[in-house]
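**Q** Structure supplied as structure24.pdb; contents: PDB, C-alpha atoms, pLDDT in the B column.
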ATOM      1  CA  MET E   1     -50.306 -23.332  55.174  1.00 65.00           C
ATOM      2  CA  ILE E   2     -49.410 -20.416  52.877  1.00 69.00           C
ATOM      3  CA  VAL E   3     -47.006 -21.219  50.035  1.00 78.00           C
ATOM      4  CA  MET E   4     -44.731 -18.222  49.548  1.00 87.00           C
ATOM      5  CA  LYS E   5     -44.075 -17.120  45.982  1.00 95.00           C
ATOM      6  CA  LYS E   6     -40.370 -16.448  45.448  1.00 97.00           C
ATOM      7  CA  ILE E   7     -39.486 -13.312  43.515  1.00 97.00           C
ATOM      8  CA  LEU E   8     -36.158 -12.160  42.081  1.00 98.00           C
ATOM      9  CA  ILE E   9     -35.679  -8.392  41.647  1.00 97.00           C
ATOM     10  CA  ALA E  10     -33.205  -7.412  38.908  1.00 96.00           C
ATOM     11  CA  ASP E  11     -32.499  -3.675  38.919  1.00 94.00           C
ATOM     12  CA  ASP E  12     -29.266  -1.681  39.051  1.00 92.00           C
ATOM     13  CA  HIS E  13     -30.640   0.889  41.522  1.00 93.00           C
ATOM     14  CA  ALA E  14     -30.139  -0.406  45.071  1.00 94.00           C
ATOM     15  CA  ILE E  15     -32.585   2.054  46.631  1.00 94.00           C
ATOM     16  CA  PHE E  16     -35.330   1.034  44.219  1.00 93.00           C
ATOM     17  CA  ARG E  17     -34.643  -2.654  44.905  1.00 94.00           C
ATOM     18  CA  LYS E  18     -34.925  -2.103  48.647  1.00 94.00           C
ATOM     19  CA  GLY E  19     -38.148  -0.141  48.288  1.00 94.00           C
ATOM     20  CA  LEU E  20     -39.652  -2.799  46.056  1.00 94.00           C
ATOM     21  CA  ALA E  21     -38.549  -5.538  48.460  1.00 94.00           C
ATOM     22  CA  ALA E  22     -40.167  -3.688  51.367  1.00 94.00           C
ATOM     23  CA  PHE E  23     -43.413  -3.379  49.397  1.00 94.00           C
ATOM     24  CA  ILE E  24     -43.443  -7.090  48.552  1.00 94.00           C
ATOM     25  CA  SER E  25     -42.652  -8.034  52.164  1.00 91.00           C
ATOM     26  CA  GLU E  26     -45.971  -6.493  53.214  1.00 91.00           C
ATOM     27  CA  THR E  27     -47.875  -9.203  51.328  1.00 90.00           C
ATOM     28  CA  VAL E  28     -48.703 -12.481  53.092  1.00 85.00           C
ATOM     29  CA  ASP E  29     -47.817 -14.834  50.231  1.00 93.00           C
ATOM     30  CA  MET E  30     -44.823 -13.317  48.432  1.00 95.00           C
ATOM     31  CA  THR E  31     -41.177 -12.952  49.382  1.00 95.00           C
ATOM     32  CA  VAL E  32     -38.078 -11.503  47.714  1.00 96.00           C
ATOM     33  CA  ALA E  33     -35.775 -14.503  47.355  1.00 96.00           C
ATOM     34  CA  GLY E  34     -32.966 -12.640  45.620  1.00 96.00           C
ATOM     35  CA  GLU E  35     -31.691  -9.348  44.205  1.00 96.00           C
ATOM     36  CA  ALA E  36     -29.483  -8.762  41.156  1.00 96.00           C
ATOM     37  CA  ALA E  37     -27.795  -5.531  40.085  1.00 94.00           C
ATOM     38  CA  ASP E  38     -27.451  -6.405  36.387  1.00 92.00           C
ATOM     39  CA  GLY E  39     -28.538  -8.916  33.789  1.00 92.00           C
ATOM     40  CA  ALA E  40     -25.500 -11.181  34.091  1.00 93.00           C
ATOM     41  CA  GLU E  41     -26.010 -11.536  37.847  1.00 95.00           C
ATOM     42  CA  ALA E  42     -29.712 -12.202  37.334  1.00 95.00           C
ATOM     43  CA  LEU E  43     -29.026 -14.980  34.812  1.00 96.00           C
ATOM     44  CA  CYS E  44     -26.482 -16.556  37.153  1.00 96.00           C
ATOM     45  CA  MET E  45     -29.006 -16.595  40.002  1.00 97.00           C
ATOM     46  CA  ILE E  46     -31.738 -17.973  37.753  1.00 97.00           C
ATOM     47  CA  ARG E  47     -29.471 -20.850  36.724  1.00 96.00           C
ATOM     48  CA  LYS E  48     -28.775 -21.754  40.353  1.00 96.00           C
ATOM     49  CA  ASN E  49     -32.143 -21.124  41.999  1.00 96.00           C
ATOM     50  CA  ASP E  50     -35.862 -21.543  41.448  1.00 96.00           C
ATOM     51  CA  TYR E  51     -38.098 -18.470  41.369  1.00 97.00           C
ATOM     52  CA  ASP E  52     -41.768 -17.939  40.660  1.00 97.00           C
ATOM     53  CA  LEU E  53     -41.347 -14.502  39.079  1.00 97.00           C
ATOM     54  CA  ILE E  54     -38.636 -12.131  37.857  1.00 98.00           C
ATOM     55  CA  LEU E  55     -39.134  -8.376  38.227  1.00 97.00           C
ATOM     56  CA  LEU E  56     -36.754  -6.950  35.638  1.00 96.00           C
ATOM     57  CA  ASP E  57     -35.571  -3.464  34.769  1.00 93.00           C
ATOM     58  CA  ILE E  58     -35.289  -3.156  30.992  1.00 87.00           C
ATOM     59  CA  HIS E  59     -32.252  -0.841  31.128  1.00 84.00           C
ATOM     60  CA  MET E  60     -29.285  -2.007  33.220  1.00 85.00           C
ATOM     61  CA  PRO E  61     -25.506  -1.918  32.663  1.00 82.00           C
ATOM     62  CA  GLY E  62     -24.253  -4.376  30.054  1.00 81.00           C
ATOM     63  CA  ARG E  63     -26.553  -6.304  27.753  1.00 81.00           C
ATOM     64  CA  SER E  64     -30.004  -5.091  26.778  1.00 81.00           C
ATOM     65  CA  GLY E  65     -32.825  -6.073  29.101  1.00 86.00           C
ATOM     66  CA  LEU E  66     -34.632  -7.336  26.012  1.00 87.00           C
ATOM     67  CA  ASP E  67     -31.778  -9.769  25.376  1.00 88.00           C
ATOM     68  CA  ILE E  68     -31.860 -10.819  29.031  1.00 93.00           C
ATOM     69  CA  ILE E  69     -35.555 -11.673  28.705  1.00 94.00           C
ATOM     70  CA  LYS E  70     -34.770 -13.899  25.713  1.00 90.00           C
ATOM     71  CA  ASP E  71     -32.016 -15.637  27.698  1.00 93.00           C
ATOM     72  CA  ILE E  72     -34.349 -16.211  30.644  1.00 95.00           C
ATOM     73  CA  LYS E  73     -36.934 -17.792  28.342  1.00 93.00           C
ATOM     74  CA  ILE E  74     -34.260 -20.119  26.969  1.00 92.00           C
ATOM     75  CA  LEU E  75     -33.049 -21.109  30.448  1.00 93.00           C
ATOM     76  CA  LYS E  76     -36.502 -21.498  31.981  1.00 95.00           C
ATOM     77  CA  PRO E  77     -39.279 -21.064  29.412  1.00 93.00           C
ATOM     78  CA  LYS E  78     -42.095 -21.143  31.972  1.00 94.00           C
ATOM     79  CA  LEU E  79     -40.543 -18.579  34.341  1.00 97.00           C
ATOM     80  CA  PRO E  80     -42.561 -15.338  33.994  1.00 97.00           C
ATOM     81  CA  VAL E  81     -40.833 -11.974  33.644  1.00 97.00           C
ATOM     82  CA  LEU E  82     -42.602  -8.743  34.584  1.00 97.00           C
ATOM     83  CA  VAL E  83     -40.777  -5.647  33.359  1.00 95.00           C
ATOM     84  CA  LEU E  84     -40.594  -2.575  35.598  1.00 92.00           C
ATOM     85  CA  SER E  85     -39.077   0.351  33.739  1.00 89.00           C
ATOM     86  CA  MET E  86     -38.600   4.096  33.920  1.00 85.00           C
ATOM     87  CA  HIS E  87     -39.312   4.229  30.182  1.00 80.00           C
ATOM     88  CA  PRO E  88     -42.880   4.835  28.985  1.00 76.00           C
ATOM     89  CA  GLU E  89     -44.792   1.970  27.390  1.00 77.00           C
ATOM     90  CA  GLU E  90     -44.497   3.528  23.945  1.00 72.00           C
ATOM     91  CA  GLN E  91     -40.744   3.018  24.058  1.00 73.00           C
ATOM     92  CA  TYR E  92     -40.188  -0.603  25.054  1.00 81.00           C
ATOM     93  CA  ALA E  93     -43.388  -2.417  26.097  1.00 84.00           C
ATOM     94  CA  LEU E  94     -44.266  -3.889  22.720  1.00 82.00           C
ATOM     95  CA  ARG E  95     -40.759  -5.239  22.172  1.00 83.00           C
ATOM     96  CA  ALA E  96     -40.627  -6.649  25.706  1.00 89.00           C
ATOM     97  CA  ILE E  97     -43.839  -8.597  25.147  1.00 88.00           C
ATOM     98  CA  GLN E  98     -42.635  -9.812  21.754  1.00 84.00           C
ATOM     99  CA  VAL E  99     -39.459 -11.342  23.237  1.00 88.00           C
ATOM    100  CA  GLY E 100     -41.322 -13.105  26.030  1.00 92.00           C
ATOM    101  CA  ALA E 101     -42.148 -10.744  28.916  1.00 95.00           C
ATOM    102  CA  ALA E 102     -45.411 -11.488  30.715  1.00 95.00           C
ATOM    103  CA  GLY E 103     -46.122  -7.807  31.294  1.00 94.00           C
ATOM    104  CA  TYR E 104     -44.740  -4.268  31.373  1.00 93.00           C
ATOM    105  CA  LEU E 105     -45.203  -1.519  33.955  1.00 91.00           C
ATOM    106  CA  THR E 106     -43.559   1.854  34.405  1.00 89.00           C
ATOM    107  CA  LYS E 107     -41.962   2.620  37.761  1.00 88.00           C
ATOM    108  CA  GLU E 108     -44.493   5.416  38.181  1.00 87.00           C
ATOM    109  CA  SER E 109     -47.350   2.910  38.403  1.00 86.00           C
ATOM    110  CA  ALA E 110     -49.472   2.903  41.559  1.00 87.00           C
ATOM    111  CA  PRO E 111     -48.647   0.209  44.158  1.00 90.00           C
ATOM    112  CA  ALA E 112     -52.096  -1.332  43.728  1.00 90.00           C
ATOM    113  CA  GLU E 113     -51.509  -1.717  39.992  1.00 90.00           C
ATOM    114  CA  LEU E 114     -48.112  -3.292  40.635  1.00 92.00           C
ATOM    115  CA  GLU E 115     -49.557  -5.842  43.044  1.00 93.00           C
ATOM    116  CA  ALA E 116     -52.381  -6.629  40.610  1.00 92.00           C
ATOM    117  CA  ALA E 117     -49.873  -7.136  37.800  1.00 94.00           C
ATOM    118  CA  ILE E 118     -47.663  -9.393  39.929  1.00 95.00           C
ATOM    119  CA  ARG E 119     -50.593 -11.545  41.006  1.00 94.00           C
ATOM    120  CA  LYS E 120     -51.942 -11.874  37.476  1.00 94.00           C
ATOM    121  CA  VAL E 121     -48.552 -12.893  36.110  1.00 95.00           C
ATOM    122  CA  LEU E 122     -48.064 -15.392  38.939  1.00 95.00           C
ATOM    123  CA  LEU E 123     -51.291 -17.048  37.783  1.00 94.00           C
ATOM    124  CA  GLY E 124     -49.688 -17.652  34.398  1.00 93.00           C
ATOM    125  CA  LYS E 125     -51.476 -14.800  32.645  1.00 93.00           C
ATOM    126  CA  LYS E 126     -50.258 -11.725  30.778  1.00 91.00           C
ATOM    127  CA  TYR E 127     -50.545  -8.256  32.275  1.00 92.00           C
ATOM    128  CA  ILE E 128     -51.318  -5.818  29.480  1.00 84.00           C
ATOM    129  CA  SER E 129     -52.526  -2.256  30.015  1.00 78.00           C
ATOM    130  CA  ALA E 130     -55.149  -0.703  27.751  1.00 73.00           C
ATOM    131  CA  ALA E 131     -52.475   1.381  25.981  1.00 69.00           C
ATOM    132  CA  LEU E 132     -50.280  -1.663  25.361  1.00 72.00           C
ATOM    133  CA  ALA E 133     -53.250  -3.726  24.176  1.00 75.00           C
ATOM    134  CA  GLU E 134     -53.955  -1.052  21.580  1.00 70.00           C
ATOM    135  CA  ALA E 135     -50.312  -1.037  20.468  1.00 63.00           C
ATOM    136  CA  LEU E 136     -50.327  -4.831  20.135  1.00 63.00           C
ATOM    137  CA  ALA E 137     -53.515  -4.667  18.080  1.00 65.00           C
ATOM    138  CA  ASP E 138     -52.029  -1.997  15.848  1.00 61.00           C
ATOM    139  CA  GLY E 139     -48.936  -4.146  15.356  1.00 56.00           C
ATOM    140  CA  VAL E 140     -51.082  -6.966  14.033  1.00 48.00           C
ATOM    141  CA  VAL E 141     -53.172  -4.740  11.809  1.00 42.00           C
ATOM    142  CA  ILE E 142     -50.471  -2.459  10.418  1.00 42.00           C
ATOM    143  CA  GLY E 143     -48.202  -5.230   9.131  1.00 44.00           C
ATOM    144  CA  ALA E 144     -45.991  -3.924   6.358  1.00 42.00           C
ATOM    145  CA  ASP E 145     -46.685  -0.299   7.184  1.00 52.00           C
ATOM    146  CA  LYS E 146     -44.606  -0.381  10.354  1.00 64.00           C
ATOM    147  CA  PRO E 147     -42.579   2.761  11.215  1.00 73.00           C
ATOM    148  CA  PHE E 148     -38.839   2.988  10.561  1.00 78.00           C
ATOM    149  CA  HIS E 149     -37.785   2.068  14.100  1.00 85.00           C
ATOM    150  CA  GLU E 150     -39.367  -1.371  13.635  1.00 81.00           C
ATOM    151  CA  ARG E 151     -36.500  -2.118  11.256  1.00 81.00           C
ATOM    152  CA  LEU E 152     -34.002  -1.991  14.114  1.00 88.00           C
ATOM    153  CA  SER E 153     -32.752  -4.853  16.245  1.00 87.00           C
ATOM    154  CA  ASN E 154     -33.427  -4.581  19.977  1.00 87.00           C
ATOM    155  CA  ARG E 155     -29.867  -3.369  20.624  1.00 89.00           C
ATOM    156  CA  GLU E 156     -30.048  -0.839  17.786  1.00 91.00           C
ATOM    157  CA  TYR E 157     -33.399   0.370  19.067  1.00 90.00           C
ATOM    158  CA  MET E 158     -32.047   0.924  22.584  1.00 90.00           C
ATOM    159  CA  ILE E 159     -29.036   2.860  21.269  1.00 93.00           C
ATOM    160  CA  MET E 160     -31.270   4.893  18.955  1.00 93.00           C
ATOM    161  CA  CYS E 161     -33.397   5.951  21.936  1.00 91.00           C
ATOM    162  CA  MET E 162     -30.293   6.933  23.893  1.00 92.00           C
ATOM    163  CA  ILE E 163     -28.927   8.986  20.981  1.00 94.00           C
ATOM    164  CA  ALA E 164     -32.297  10.661  20.491  1.00 92.00           C
ATOM    165  CA  ALA E 165     -32.332  11.545  24.200  1.00 91.00           C
ATOM    166  CA  GLY E 166     -29.076  13.462  23.729  1.00 92.00           C
ATOM    167  CA  LYS E 167     -26.573  11.029  25.229  1.00 93.00           C
ATOM    168  CA  THR E 168     -23.054  11.151  23.780  1.00 94.00           C
ATOM    169  CA  PRO E 169     -21.364   8.060  22.293  1.00 94.00           C
ATOM    170  CA  LYS E 170     -18.992   8.024  25.280  1.00 94.00           C
ATOM    171  CA  LYS E 171     -21.888   8.048  27.760  1.00 93.00           C
ATOM    172  CA  ILE E 172     -23.777   5.334  25.868  1.00 93.00           C
ATOM    173  CA  ALA E 173     -20.615   3.224  25.649  1.00 92.00           C
ATOM    174  CA  GLY E 174     -20.152   3.530  29.411  1.00 92.00           C
ATOM    175  CA  ASP E 175     -23.769   2.615  30.142  1.00 89.00           C
ATOM    176  CA  LEU E 176     -23.726  -0.444  27.882  1.00 89.00           C
ATOM    177  CA  LEU E 177     -20.126  -1.511  28.598  1.00 88.00           C
ATOM    178  CA  LEU E 178     -19.153  -1.158  24.943  1.00 90.00           C
ATOM    179  CA  SER E 179     -16.461   0.849  23.159  1.00 93.00           C
ATOM    180  CA  THR E 180     -17.167   4.294  21.719  1.00 94.00           C
ATOM    181  CA  LYS E 181     -16.132   2.932  18.320  1.00 94.00           C
ATOM    182  CA  THR E 182     -18.807   0.237  18.585  1.00 94.00           C
ATOM    183  CA  ILE E 183     -21.454   2.834  19.451  1.00 94.00           C
ATOM    184  CA  ASN E 184     -20.459   4.936  16.451  1.00 94.00           C
ATOM    185  CA  THR E 185     -20.760   1.834  14.250  1.00 94.00           C
ATOM    186  CA  TYR E 186     -24.243   1.230  15.628  1.00 93.00           C
ATOM    187  CA  ARG E 187     -25.134   4.880  15.020  1.00 94.00           C
ATOM    188  CA  SER E 188     -24.139   4.624  11.352  1.00 93.00           C
ATOM    189  CA  ARG E 189     -26.162   1.451  10.941  1.00 90.00           C
ATOM    190  CA  ILE E 190     -29.204   2.996  12.672  1.00 93.00           C
ATOM    191  CA  LEU E 191     -29.114   6.104  10.488  1.00 91.00           C
ATOM    192  CA  ARG E 192     -28.853   3.946   7.361  1.00 87.00           C
ATOM    193  CA  LYS E 193     -31.758   1.679   8.341  1.00 85.00           C
ATOM    194  CA  MET E 194     -33.953   4.645   9.255  1.00 85.00           C
ATOM    195  CA  CYS E 195     -33.005   6.663   6.159  1.00 79.00           C
ATOM    196  CA  MET E 196     -31.767   9.580   8.273  1.00 86.00           C
ATOM    197  CA  LYS E 197     -28.635  11.721   8.294  1.00 86.00           C
ATOM    198  CA  SER E 198     -28.113  13.085  11.804  1.00 90.00           C
ATOM    199  CA  ASN E 199     -28.812  12.807  15.525  1.00 91.00           C
ATOM    200  CA  VAL E 200     -31.224  15.720  15.145  1.00 91.00           C
ATOM    201  CA  ASP E 201     -33.248  13.641  12.682  1.00 87.00           C
ATOM    202  CA  LEU E 202     -33.381  10.807  15.235  1.00 90.00           C
ATOM    203  CA  ALA E 203     -34.442  13.187  18.018  1.00 90.00           C
ATOM    204  CA  CYS E 204     -37.220  14.694  15.892  1.00 88.00           C
ATOM    205  CA  TYR E 205     -38.422  11.235  14.876  1.00 86.00           C
ATOM    206  CA  ALA E 206     -38.453  10.036  18.503  1.00 86.00           C
ATOM    207  CA  ALA E 207     -40.415  13.119  19.560  1.00 85.00           C
ATOM    208  CA  ARG E 208     -43.011  12.589  16.814  1.00 81.00           C
ATOM    209  CA  HIS E 209     -43.499   8.979  17.908  1.00 78.00           C
ATOM    210  CA  ASN E 210     -43.727   9.838  21.645  1.00 75.00           C
ATOM    211  CA  MET E 211     -40.635   7.807  22.450  1.00 73.00           C
ATOM    212  CA  PHE E 212     -39.463  10.026  25.326  1.00 62.00           C
TER     213      PHE E 212
END
Here is a file; write its structure as structure tokens.
**A**
Amino acid sequence: MIVMKKILIADDHAIFRKGLAAFISETVDMTVAGEAADGAEALCMIRKNDYDLILLDIHMPGRSGLDIIKDIKILKPKLPVLVLSMHPEEQYALRAIQVGAAGYLTKESAPAELEAAIRKVLLGKKYISAALAEALADGVVIGADKPFHERLSNREYMIMCMIAAGKTPKKIAGDLLLSTKTINTYRSRILRKMCMKSNVDLACYAARHNMF
């Protein structure tokens, strides 16, 4: 008898969730046992139900996906989280692993790679690409010589990336369900921590570090 692995998909794009669910349904030993449109809904479902794996988008409305990962690890420390994101590995993968994710894939990954990652994580292992492995190694070796963005909290880092991408404070506030005043406070703090003076400085820095 085949024991079905229960997966929760947490992503704010309904079409992507349905496509991912259809892909998983083609396997003989995995099933989508739930779908969540944001982090708060995902946490609520995780409290009430048992899952074998969470497929999580790092960027959803409300709280940072990085904070959601930390909450999941507090609620159920052994529950693996595999991040599926539109953002390249250079932008969030290292931080996701550091807060407890079992792996990180971009949404452009091939279906075969996705299935391989899911199966590896379900076995209790980490899924780390060659590029991410190199970044992790560099993080250990570099130590005190880390770049400026390593000074930022996960929330500050997310907002910095959004500012660097050209989003206005109003747009960022709407995406994160915060006030524009709060975003401007974050912006001031980010500029101070990174020793910069303007959004242009942040954009140039992000471009140099391949954060787009």
**Q** Can you give me, as a PDB file with C-alpha atoms, keeping the file's coordinate frame, the residues this file yields under the PyMOL selection byres ((chain E and resi 56-63) around 10)?
**A**
ATOM      1  CA  LEU E   8     -36.158 -12.160  42.081  1.00 98.00           C
ATOM      2  CA  ILE E   9     -35.679  -8.392  41.647  1.00 97.00           C
ATOM      3  CA  ALA E  10     -33.205  -7.412  38.908  1.00 96.00           C
ATOM      4  CA  ASP E  11     -32.499  -3.675  38.919  1.00 94.00           C
ATOM      5  CA  ASP E  12     -29.266  -1.681  39.051  1.00 92.00           C
ATOM      6  CA  HIS E  13     -30.640   0.889  41.522  1.00 93.00           C
ATOM      7  CA  ALA E  36     -29.483  -8.762  41.156  1.00 96.00           C
ATOM      8  CA  ALA E  37     -27.795  -5.531  40.085  1.00 94.00           C
ATOM      9  CA  ASP E  38     -27.451  -6.405  36.387  1.00 92.00           C
ATOM     10  CA  GLY E  39     -28.538  -8.916  33.789  1.00 92.00           C
ATOM     11  CA  ALA E  40     -25.500 -11.181  34.091  1.00 93.00           C
ATOM     12  CA  ALA E  42     -29.712 -12.202  37.334  1.00 95.00           C
ATOM     13  CA  LEU E  53     -41.347 -14.502  39.079  1.00 97.00           C
ATOM     14  CA  ILE E  54     -38.636 -12.131  37.857  1.00 98.00           C
ATOM     15  CA  LEU E  55     -39.134  -8.376  38.227  1.00 97.00           C
ATOM     16  CA  SER E  64     -30.004  -5.091  26.778  1.00 81.00           C
ATOM     17  CA  GLY E  65     -32.825  -6.073  29.101  1.00 86.00           C
ATOM     18  CA  LEU E  66     -34.632  -7.336  26.012  1.00 87.00           C
ATOM     19  CA  ASP E  67     -31.778  -9.769  25.376  1.00 88.00           C
ATOM     20  CA  ILE E  68     -31.860 -10.819  29.031  1.00 93.00           C
ATOM     21  CA  ILE E  69     -35.555 -11.673  28.705  1.00 94.00           C
ATOM     22  CA  VAL E  81     -40.833 -11.974  33.644  1.00 97.00           C
ATOM     23  CA  LEU E  82     -42.602  -8.743  34.584  1.00 97.00           C
ATOM     24  CA  VAL E  83     -40.777  -5.647  33.359  1.00 95.00           C
ATOM     25  CA  LEU E  84     -40.594  -2.575  35.598  1.00 92.00           C
ATOM     26  CA  SER E  85     -39.077   0.351  33.739  1.00 89.00           C
ATOM     27  CA  MET E  86     -38.600   4.096  33.920  1.00 85.00           C
ATOM     28  CA  HIS E  87     -39.312   4.229  30.182  1.00 80.00           C
ATOM     29  CA  TYR E  92     -40.188  -0.603  25.054  1.00 81.00           C
ATOM     30  CA  ALA E  93     -43.388  -2.417  26.097  1.00 84.00           C
ATOM     31  CA  ALA E  96     -40.627  -6.649  25.706  1.00 89.00           C
ATOM     32  CA  ALA E 101     -42.148 -10.744  28.916  1.00 95.00           C
ATOM     33  CA  TYR E 104     -44.740  -4.268  31.373  1.00 93.00           C
ATOM     34  CA  LEU E 105     -45.203  -1.519  33.955  1.00 91.00           C
ATOM     35  CA  THR E 106     -43.559   1.854  34.405  1.00 89.00           C
ATOM     36  CA  LYS E 107     -41.962   2.620  37.761  1.00 88.00           C
ATOM     37  CA  ARG E 155     -29.867  -3.369  20.624  1.00 89.00           C
ATOM     38  CA  MET E 158     -32.047   0.924  22.584  1.00 90.00           C
ATOM     39  CA  ALA E 173     -20.615   3.224  25.649  1.00 92.00           C
ATOM     40  CA  GLY E 174     -20.152   3.530  29.411  1.00 92.00           C
ATOM     41  CA  ASP E 175     -23.769   2.615  30.142  1.00 89.00           C
ATOM     42  CA  LEU E 176     -23.726  -0.444  27.882  1.00 89.00           C
ATOM     43  CA  LEU E 177     -20.126  -1.511  28.598  1.00 88.00           C
ATOM     44  CA  LEU E 178     -19.153  -1.158  24.943  1.00 90.00           C
TER      45      LEU E 178
END
**Q** Tell me, as a list in words, which residues lie within 12 Å of Arg208 (chain E), counting all atoms listed in the file; anything in the same chain fewer than 4 positions away does not count.
**A**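 Using all atoms listed in the file, the neighbours found are Glu90, Pro147, Ala164, Asp201, Leu202, Ala203, Cys204 and Phe212 of chain E.
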**Q** When distances are computed from all atoms listed in the file, which of E:His149, E:Lys73, E:Arg95, E:Lys78 shows the smallest separation from Val121 (chain E)?
**A** E:Lys78
**Q** Between CA of Lys6 (chain E) and CA of Pro77 (chain E), what is the spacing in Å?
**A**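 Taking CA of Pro77 (chain E) and CA of Lys6 (chain E), their separation equals 16.7 Å.
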**Q** Any chance you could resolve the PyMOL selection byres ((chain E and resi 123) around 12) against this file and give the residues as a PyMOL selection string?
**A** chain E and resi 5+52-53+78-80+102+116-122+124-127
**Q** Mind giving me the straight-line distance from CA of Lys193 (chain E) to CA of Glu89 (chain E) in Å, one decimal?
**A**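 Distance between the two atoms: 23.1 Å.
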**Q** Can you tell me which residues surround Arg187 (chain E) at a distance of at most 9 Å, considering all atoms listed in the file, apart from same-chain residues fewer than 6 positions away, and format the answer as a ChimeraX atom specification?
**A** /E:156,159-160,163,169,199
**Q** Please report the interatomic distance between CA of Cys161 (chain E) and CA of Ser109 (chain E) in Å with one decimal.
**A**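 Separation of CA of Cys161 (chain E) and CA of Ser109 (chain E): 21.8 Å.
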**Q** Would you kindly return, as a PyMOL selection string, each protein, DNA or RNA residue with an atom no farther than 10 Å from any atom of Phe148 (chain E), considering all atoms listed in the file and excluding same-chain residues fewer than 6 positions away?
**A** chain E and resi 190+193-196+205
**Q** When distances are computed from only C-alpha atoms, which of E:Ile128, E:Ala207, E:Cys44, E:Met162 shows the smallest separation from Leu114 (chain E)?
**A**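 Smallest distance to Leu114 (chain E) is found for E:Ile128.
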**Q** From the set E:Leu94, E:Val99, E:Leu132, E:Ile74, which residue has the shortest atom-to-atom contact distance to Glu150 (chain E), counting all atoms listed in the file?
**A**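 Among the listed residues, the smallest separation from Glu150 (chain E) belongs to E:Leu94.
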**Q** Of the candidates E:Ala14, E:Ser153, E:Glu108, E:Pro88, which one gets nearest to Tyr186 (chain E) if we count only C-alpha atoms?
**A** E:Ser153
**Q** Which residues, written as JSON, numbers by chain, have at least one atom at most 9 Å from Met30 (chain E), with all atoms listed in the file counted and residues fewer than 5 positions away on the same chain left out?
**A** {"E": [3, 4, 5, 6, 7, 24, 25]}
**Q** For C-alpha atoms, I'd like the residues from the last selection saved as an mmCIF file, keeping the file's coordinate frame.
**A**
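Heads up, here's the output in selection.cif:
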data_model
loop_
_atom_site.group_PDB
_atom_site.id
_atom_site.type_symbol
_atom_site.label_atom_id
_atom_site.label_comp_id
_atom_site.auth_asym_id
_atom_site.auth_seq_id
_atom_site.Cartn_x
_atom_site.Cartn_y
_atom_site.Cartn_z
ATOM 1 C CA VAL E 3 -47.006 -21.219 50.035
ATOM 2 C CA MET E 4 -44.731 -18.222 49.548
ATOM 3 C CA LYS E 5 -44.075 -17.120 45.982
ATOM 4 C CA LYS E 6 -40.370 -16.448 45.448
ATOM 5 C CA ILE E 7 -39.486 -13.312 43.515
ATOM 6 C CA ILE E 24 -43.443 -7.090 48.552
ATOM 7 C CA SER E 25 -42.652 -8.034 52.164
#
**Q** Tell me which of E:Gln91, E:Ala130, E:Val32, E:Thr168 sits closest to Asn154 (chain E), counting only C-alpha atoms.
**A**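 Among the listed residues, the smallest separation from Asn154 (chain E) belongs to E:Gln91.
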